[in-house]
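Working notes, structure below.
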Amino acid sequence: MKQLAAQSSSAATLTWVLVRRDIKDRYLGTVSGLLWAFLGPALTLLIYAFVFQTLMKVKVPSAGTTGFVAFLALGLWPWYAFADAIGRGTNAIVANSALLGKIALPRYLLVLVPVISSFAVHTLGFIAVTAALFATGTDIAASGLLVTALCLMGILLLATGLAWWLATLNVFLRDVSAMLPQILTLWMLITPIFFHVATLSAPLVSLLAHNPMMGWIELIRAALLGLPAPSTSSIVEACAWSVFALVSGAYVFHRAQPHFEDYL
Amino acid sequence: MNAVTPERRESLVRLQNVSKAFPRVFRSVDRLRALLHLLIGRKPEHPSVVLEDINIEVLRGQSLGLIGVNGAGKSTLLKVITGVLTASAGTVEVRGRIAPLLELGAGFHPEYTGRDNIRLNAALLGMSSADIDANIDGIIAFADIGRHIDEPVKNYSSGMVVRLGFAVVAAIKPDLLITDEVLAVGDESFQKKCVQWIENFLAGGGTLLLVSHSMYHIQKLCRHACWLHEGRIHQMGDVFDVTQDYLAWHERKSRELTEAGRERAIAGEYAITELRVNGDAGTSTLLLGRNQPLVAEITLRARDGRIPVLAIGVKRTDGTAVYGLTSDMEGATPKRISDELFQWQLHFDALPLLPGSYLLAVHAMDPEAVRLFDTLERAITVRGQSRELGMVRLPHRWGPQ
């Protein structure tokens, strides 16, 4: 029991040190440091808002009350966290092969660390952008914050499971990390980030309904902006996806990880 | 040092029938198939075997040295024990806190300062935050690299990296220390410090697994040794028995190599059949005093019965020629011993070599003195003390008279 406590305490220390190292690594050498973690996505938000709102005139159901920028921002940051976590988690094993060849460290941590740090950075961004929206007059429902936190947890579980899957696949097939950006772009476009499900035709909705990210994004917007809530079944499906991804990802990773070193 | 306790000591490492093979993965199809095999729980195909049927047990307080030629599987074995590699077959049990000090700068981040790397490395080795805070000053003091501690590790010399790594390992207070040649990178005083630390560690009941090509270090630090050869345990037991057999094996091997070369040369057209220096036909180093006579008696064999050319000379052990000549230059005629054998005697009445180590080199050439057929060397050491410089004393006198 005592040994178990000591082990988990040192694992926690290691996670903490590695997450700090990871965040420091990413923003080391940039002038504004961690500010970029927020500035970059914010600039992207403005570009998307310009393209979709001004050029393409995308309609949002309750745009009259919330505005397109708020609608977009609350969908975009959870996506940033998700996509960033997966992109970096997928490469985690291959990128750390030098370390793995020399030190026996829990390999699952190597994947978990970039996932956690991506979520940490983008959750801060999410909080900042939500506060900014509130300050500029957007009606943010404070009661929705708890639901939002739960939704981010759900996305975190989904991302962790997928990252374990993809990191494993990437050790054996390096093509995975090469294809990932395109897949993530496609996934972003079929997730209701730039549009609202209500604006889609029924056959299209039934096609996109099984997107694991859809329920979470819809729920966050419903909670914070008071948009129509997604159906119970789509929330249940989102939860099921997260649990399935986590469990299957953990299984696959656990099975393959003792042999990573042979294939790196 | 190694107090014998009556009760059986706890075993820290136990390997039973351990084998390690690396999979053949050249094409991506192989990699994909390997993954599928892993997922459904089938053994992947492993054609390249690195370790086979290894049984080792290391008890608490023991010190085991691993020796063997390059490629014998020593590093792979250490990696299997530390858990970096997974054994293909057999069971690996490891207990207690292990501190591996294996490759240079393992776990160090080149962009970080030494101080940050200490924290990272200590965490990687399983230290908790509180322990790191409590120990970091001691670690920095042990590493003793001065102001460099706040510079990025990429600017460090390899010796400084080892100092940092060893300092962290020393602070971990491991049950089992696993290390290889890395210590050899440190300078004399740091090596001494490390060896001293390891000796104290062993005296205090620590356990050591050391890979080294330095039999001196192995004999100094280990009580047992294990000789790996081509992935198998060739010999295991008392450190002196194993290392002496190992060294003897090496000597045999190099002698076989030179003898094989000699045999090939002797079979050739012109060959040296005997070299006597001052009457001694042995192969050991010849000891001479200054200005002593040196008589070389050389017998060459020519299969065609024509008189071959003898080339003979003295060179320094690094190959710098001191003096050389051939028999045809000075028209020296040999004594014909038989149809094929010719013998010369070369006298240096007072060899003017300065004290040092030299080689007497003898070559057999064809009668036209065009091609070299055989070479034989004999080491000579000129003893004595001299403040003169160089290799040879040149005849001289001082003025103004």
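By order in the structure tokens, chains are A, B, ...; within a chain, residues start at 1; ligands start at 1, following the order shown.
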
Interface list for chain B, partner chain A, 9 Å threshold, only C-alpha atoms, as an MDAnalysis selection string: chainID B and resid 22:23 25 28 31:32 34:35 38:41 79 82:87 100 102:103 106:108 111 119:120 122:129

Store the residues picked out above in a file with N, CA, C and O atoms, as a CSV table (one decimal), in the first residue's frame.
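And here's result_31.csv as it stands now:
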```csv
chain,number,residue,atom,x,y,z
B,22,PHE,N,15.2,-9.4,-32.4
B,22,PHE,CA,14.6,-8.2,-33.0
B,22,PHE,C,13.8,-8.7,-34.2
B,22,PHE,O,14.3,-9.5,-35.0
B,23,PRO,N,12.7,-8.1,-34.4
B,23,PRO,CA,11.9,-8.5,-35.5
B,23,PRO,C,12.5,-8.0,-36.9
B,23,PRO,O,13.2,-7.0,-36.9
B,25,VAL,N,11.8,-6.0,-39.9
B,25,VAL,CA,10.9,-5.0,-40.4
B,25,VAL,C,11.5,-4.2,-41.4
B,25,VAL,O,12.1,-3.1,-41.1
B,28,SER,N,6.8,-1.9,-45.0
B,28,SER,CA,5.7,-1.5,-44.1
B,28,SER,C,4.7,-2.6,-43.9
B,28,SER,O,4.0,-2.6,-42.9
B,31,ARG,N,5.6,-4.3,-40.9
B,31,ARG,CA,5.3,-3.6,-39.7
B,31,ARG,C,3.8,-3.7,-39.3
B,31,ARG,O,3.4,-3.9,-38.2
B,32,LEU,N,3.0,-3.7,-40.4
B,32,LEU,CA,1.5,-3.8,-40.2
B,32,LEU,C,1.2,-5.1,-39.7
B,32,LEU,O,0.4,-5.3,-38.7
B,34,ALA,N,3.1,-7.1,-38.1
B,34,ALA,CA,3.7,-7.2,-36.7
B,34,ALA,C,2.7,-6.6,-35.7
B,34,ALA,O,2.4,-7.2,-34.6
B,35,LEU,N,2.1,-5.5,-36.0
B,35,LEU,CA,1.1,-4.9,-35.1
B,35,LEU,C,-0.1,-5.8,-34.9
B,35,LEU,O,-0.6,-6.0,-33.8
B,38,LEU,N,0.7,-8.5,-32.7
B,38,LEU,CA,0.8,-8.1,-31.3
B,38,LEU,C,-0.6,-8.0,-30.7
B,38,LEU,O,-0.9,-8.4,-29.5
B,39,LEU,N,-1.6,-7.4,-31.5
B,39,LEU,CA,-2.9,-7.1,-31.0
B,39,LEU,C,-3.7,-8.4,-30.7
B,39,LEU,O,-4.4,-8.5,-29.7
B,40,ILE,N,-3.5,-9.4,-31.6
B,40,ILE,CA,-4.2,-10.6,-31.3
B,40,ILE,C,-3.5,-11.6,-30.5
B,40,ILE,O,-3.9,-12.7,-30.2
B,41,GLY,N,-2.3,-11.2,-30.0
B,41,GLY,CA,-1.6,-11.9,-29.0
B,41,GLY,C,-0.7,-13.0,-29.5
B,41,GLY,O,-0.3,-13.9,-28.8
B,79,LYS,N,19.4,-3.5,-21.3
B,79,LYS,CA,18.2,-2.8,-21.6
B,79,LYS,C,17.0,-3.7,-21.2
B,79,LYS,O,15.9,-3.2,-20.9
B,82,THR,N,16.6,-3.2,-17.5
B,82,THR,CA,16.1,-2.0,-17.1
B,82,THR,C,14.6,-1.8,-17.6
B,82,THR,O,14.0,-0.8,-17.2
B,83,GLY,N,14.2,-2.6,-18.5
B,83,GLY,CA,12.8,-2.5,-19.0
B,83,GLY,C,12.7,-1.6,-20.2
B,83,GLY,O,11.6,-1.4,-20.7
B,84,VAL,N,13.8,-1.2,-20.7
B,84,VAL,CA,13.7,-0.4,-22.0
B,84,VAL,C,13.3,-1.3,-23.1
B,84,VAL,O,12.5,-1.0,-24.0
B,85,LEU,N,13.8,-2.6,-23.1
B,85,LEU,CA,13.4,-3.6,-24.1
B,85,LEU,C,12.6,-4.6,-23.4
B,85,LEU,O,12.8,-4.9,-22.2
B,86,THR,N,11.7,-5.3,-24.1
B,86,THR,CA,10.9,-6.4,-23.6
B,86,THR,C,11.5,-7.7,-24.1
B,86,THR,O,11.7,-7.8,-25.3
B,87,ALA,N,11.7,-8.6,-23.2
B,87,ALA,CA,12.3,-9.9,-23.6
B,87,ALA,C,11.3,-10.6,-24.6
B,87,ALA,O,10.1,-10.5,-24.4
B,100,PRO,N,19.6,3.3,-13.6
B,100,PRO,CA,20.5,3.0,-14.7
B,100,PRO,C,21.3,4.2,-15.1
B,100,PRO,O,20.7,5.3,-15.2
B,102,LEU,N,23.3,4.6,-18.2
B,102,LEU,CA,23.7,3.9,-19.4
B,102,LEU,C,24.3,4.8,-20.4
B,102,LEU,O,25.5,4.9,-20.5
B,103,GLU,N,23.5,5.4,-21.2
B,103,GLU,CA,24.2,6.1,-22.3
B,103,GLU,C,24.3,7.6,-21.9
B,103,GLU,O,23.7,8.1,-21.1
B,106,ALA,N,21.4,10.4,-21.4
B,106,ALA,CA,20.1,9.8,-21.5
B,106,ALA,C,19.1,10.6,-20.6
B,106,ALA,O,19.4,10.8,-19.4
B,107,GLY,N,18.0,11.0,-21.2
B,107,GLY,CA,17.0,11.8,-20.4
B,107,GLY,C,17.4,13.2,-20.2
B,107,GLY,O,16.6,13.9,-19.5
B,108,PHE,N,18.5,13.7,-20.7
B,108,PHE,CA,18.8,15.1,-20.6
B,108,PHE,C,18.2,15.8,-21.9
B,108,PHE,O,18.3,15.3,-23.0
B,111,GLU,N,18.3,21.6,-24.6
B,111,GLU,CA,18.0,23.0,-24.5
B,111,GLU,C,17.9,23.5,-23.0
B,111,GLU,O,17.9,24.7,-22.8
B,119,ARG,N,16.2,18.2,-12.3
B,119,ARG,CA,14.8,17.9,-11.9
B,119,ARG,C,14.2,16.9,-12.8
B,119,ARG,O,13.5,16.0,-12.3
B,120,LEU,N,14.3,17.1,-14.1
B,120,LEU,CA,13.7,16.2,-15.1
B,120,LEU,C,14.2,14.7,-14.9
B,120,LEU,O,13.5,13.8,-14.8
B,122,ALA,N,15.8,13.4,-12.3
B,122,ALA,CA,15.4,12.8,-11.0
B,122,ALA,C,13.9,12.3,-11.0
B,122,ALA,O,13.6,11.3,-10.5
B,123,ALA,N,13.1,13.1,-11.7
B,123,ALA,CA,11.7,12.7,-11.8
B,123,ALA,C,11.6,11.4,-12.7
B,123,ALA,O,10.8,10.5,-12.3
B,124,LEU,N,12.4,11.4,-13.7
B,124,LEU,CA,12.3,10.2,-14.6
B,124,LEU,C,12.8,9.0,-13.8
B,124,LEU,O,12.4,7.9,-14.1
B,125,LEU,N,13.7,9.2,-12.9
B,125,LEU,CA,14.2,8.0,-12.1
B,125,LEU,C,13.3,7.8,-10.9
B,125,LEU,O,13.7,6.9,-10.0
B,126,GLY,N,12.2,8.5,-10.8
B,126,GLY,CA,11.2,8.1,-9.7
B,126,GLY,C,11.3,8.9,-8.4
B,126,GLY,O,10.8,8.5,-7.4
B,127,MET,N,12.0,10.1,-8.5
B,127,MET,CA,12.1,10.9,-7.3
B,127,MET,C,10.8,11.8,-7.2
B,127,MET,O,10.3,12.3,-8.2
B,128,SER,N,10.3,12.0,-6.0
B,128,SER,CA,9.2,12.9,-5.8
B,128,SER,C,9.6,14.3,-5.7
B,128,SER,O,10.8,14.6,-5.5
B,129,SER,N,8.7,15.3,-5.9
B,129,SER,CA,9.0,16.7,-5.9
B,129,SER,C,9.8,17.1,-4.7
B,129,SER,O,10.8,17.8,-4.7
```

DSSP helix (DSSP H, G or I) selection over stretch 120-229 of chain B, as a ChimeraX atom specification: /B:120-124,129-143,146-150,153-155,158-172,181-185,188-203,215-221

Please produce a file of the residues just selected, as a compact mmCIF listing (two decimals), in the first residue's frame, where the atoms kept are C-alpha atoms.
```txt
# COMPACT_ATOMS: atom_id res chain seq x y z
CA LEU B 120 13.71 16.17 -15.06
CA ASN B 121 16.16 13.31 -14.68
CA ALA B 122 15.40 12.82 -11.00
CA ALA B 123 11.69 12.70 -11.80
CA LEU B 124 12.34 10.19 -14.58
CA SER B 129 9.03 16.69 -5.94
CA ALA B 130 9.80 17.06 -2.26
CA ASP B 131 12.82 14.78 -2.53
CA ILE B 132 14.10 16.68 -5.52
CA ASP B 133 13.80 20.00 -3.67
CA ALA B 134 15.59 18.53 -0.67
CA ASN B 135 18.42 17.02 -2.69
CA ILE B 136 19.10 19.41 -5.52
CA ASP B 137 21.85 21.34 -3.76
CA GLY B 138 23.66 18.12 -2.91
CA ILE B 139 23.36 16.95 -6.51
CA ILE B 140 24.77 20.19 -7.84
CA ALA B 141 27.64 20.00 -5.37
CA PHE B 142 28.43 16.41 -6.38
CA ALA B 143 28.37 17.21 -10.09
CA GLY B 146 30.45 25.31 -11.24
CA ARG B 147 28.59 28.09 -13.02
CA HIS B 148 27.77 25.81 -15.99
CA ILE B 149 24.87 24.43 -13.97
CA ASP B 150 22.70 27.28 -15.27
CA VAL B 153 23.23 21.09 -21.46
CA LYS B 154 23.94 21.30 -25.20
CA ASN B 155 26.94 23.45 -24.35
CA SER B 158 30.65 14.94 -22.52
CA GLY B 159 32.48 14.75 -19.20
CA MET B 160 30.19 17.36 -17.69
CA VAL B 161 27.12 15.48 -18.90
CA VAL B 162 28.35 12.34 -17.17
CA ARG B 163 29.03 14.28 -13.98
CA LEU B 164 25.47 15.52 -14.00
CA GLY B 165 24.04 12.07 -14.69
CA PHE B 166 26.12 10.41 -12.03
CA ALA B 167 25.28 13.09 -9.48
CA VAL B 168 21.57 12.43 -9.95
CA VAL B 169 22.02 8.67 -9.74
CA ALA B 170 24.09 9.05 -6.58
CA ALA B 171 21.31 11.09 -4.99
CA ILE B 172 18.63 8.53 -5.84
CA GLU B 181 31.40 2.47 -19.87
CA VAL B 182 30.03 5.99 -19.36
CA LEU B 183 32.25 6.63 -16.37
CA ALA B 184 35.29 6.33 -18.59
CA VAL B 185 34.35 9.71 -20.07
CA GLU B 188 40.81 11.30 -13.67
CA SER B 189 39.60 12.96 -10.48
CA PHE B 190 35.93 12.49 -11.28
CA GLN B 191 36.49 8.84 -12.16
CA LYS B 192 38.22 8.40 -8.84
CA LYS B 193 35.27 10.05 -7.12
CA CYS B 194 32.82 7.75 -8.92
CA VAL B 195 34.78 4.60 -8.16
CA GLN B 196 35.02 5.69 -4.55
CA TRP B 197 31.30 6.37 -4.46
CA ILE B 198 30.56 2.94 -5.95
CA GLU B 199 32.87 1.27 -3.43
CA ASN B 200 31.09 2.99 -0.56
CA PHE B 201 27.78 2.10 -2.13
CA LEU B 202 28.81 -1.56 -2.29
CA ALA B 203 30.19 -1.51 1.24
CA MET B 215 39.11 -5.61 -16.62
CA TYR B 216 40.74 -3.34 -14.07
CA HIS B 217 37.41 -1.72 -13.20
CA ILE B 218 35.57 -5.04 -13.32
CA GLN B 219 38.05 -6.67 -10.95
CA LYS B 220 38.11 -3.65 -8.68
CA LEU B 221 34.36 -3.27 -8.32
```

Residues within 6 Å of A:Gly125, only C-alpha atoms, excluding chain neighbours under 3 positions, as a ChimeraX atom specification: /A:38,122,128

Point-to-point distance in Å for atom CA of A:Glu218 and atom CA of A:Ala240: 16.0 Å

Contacts of B:Ala89 at 12 Å (only C-alpha atoms; same-chain gap of 2+ positions) as a count of residues only: 24

Residues near A:Ala222, cut-off 10 Å, only C-alpha atoms, skip fewer than 4 positions along chain, as a list in words: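 Final neighbour list, sorted by chain and number: Ala141, Gly144, Val147, Thr148, Trp216, Ile217, Glu218, Gly226, Leu227, Pro228, Ala229 and Pro230 of chain A.
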
Produce a file of the selected residues containing C-alpha atoms, as a CSV table (one decimal), in the first residue's frame.
```csv
chain,number,residue,atom,x,y,z
A,141,ALA,CA,-24.8,31.8,-18.9
A,144,GLY,CA,-23.5,26.6,-18.0
A,147,VAL,CA,-21.7,21.5,-18.0
A,148,THR,CA,-19.0,23.0,-20.2
A,216,TRP,CA,-20.0,17.9,-27.0
A,217,ILE,CA,-19.7,21.1,-29.1
A,218,GLU,CA,-23.5,21.4,-29.4
A,226,GLY,CA,-28.6,29.3,-24.6
A,227,LEU,CA,-28.9,27.7,-28.1
A,228,PRO,CA,-31.2,24.7,-28.6
A,229,ALA,CA,-29.8,21.7,-26.7
A,230,PRO,CA,-28.9,18.6,-28.6
```

Spatial neighbours of B:Asp280, max dist 10 Å, only C-alpha atoms, sep filter under 5 positions, as a list of chain:residue names: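 Selected residues are B:Leu275, B:Leu286, B:Val295, B:Ala296, B:Glu297.
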
Neighbour list for B:Ile67 as a list of chain:residue names, cut-off 10 Å, only C-alpha atoms, skip fewer than 5 positions in-chain: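 Here the answer would be B:Ala72, B:Gly73, B:Lys74, B:Leu210, B:Val211, B:Ser212, B:His213, B:Ser214, B:Met215, B:Ile218, B:Ala225, B:Cys226, B:Trp227, B:Leu228, B:His229, B:Gln235, B:Val242, B:Thr243, B:Tyr246.
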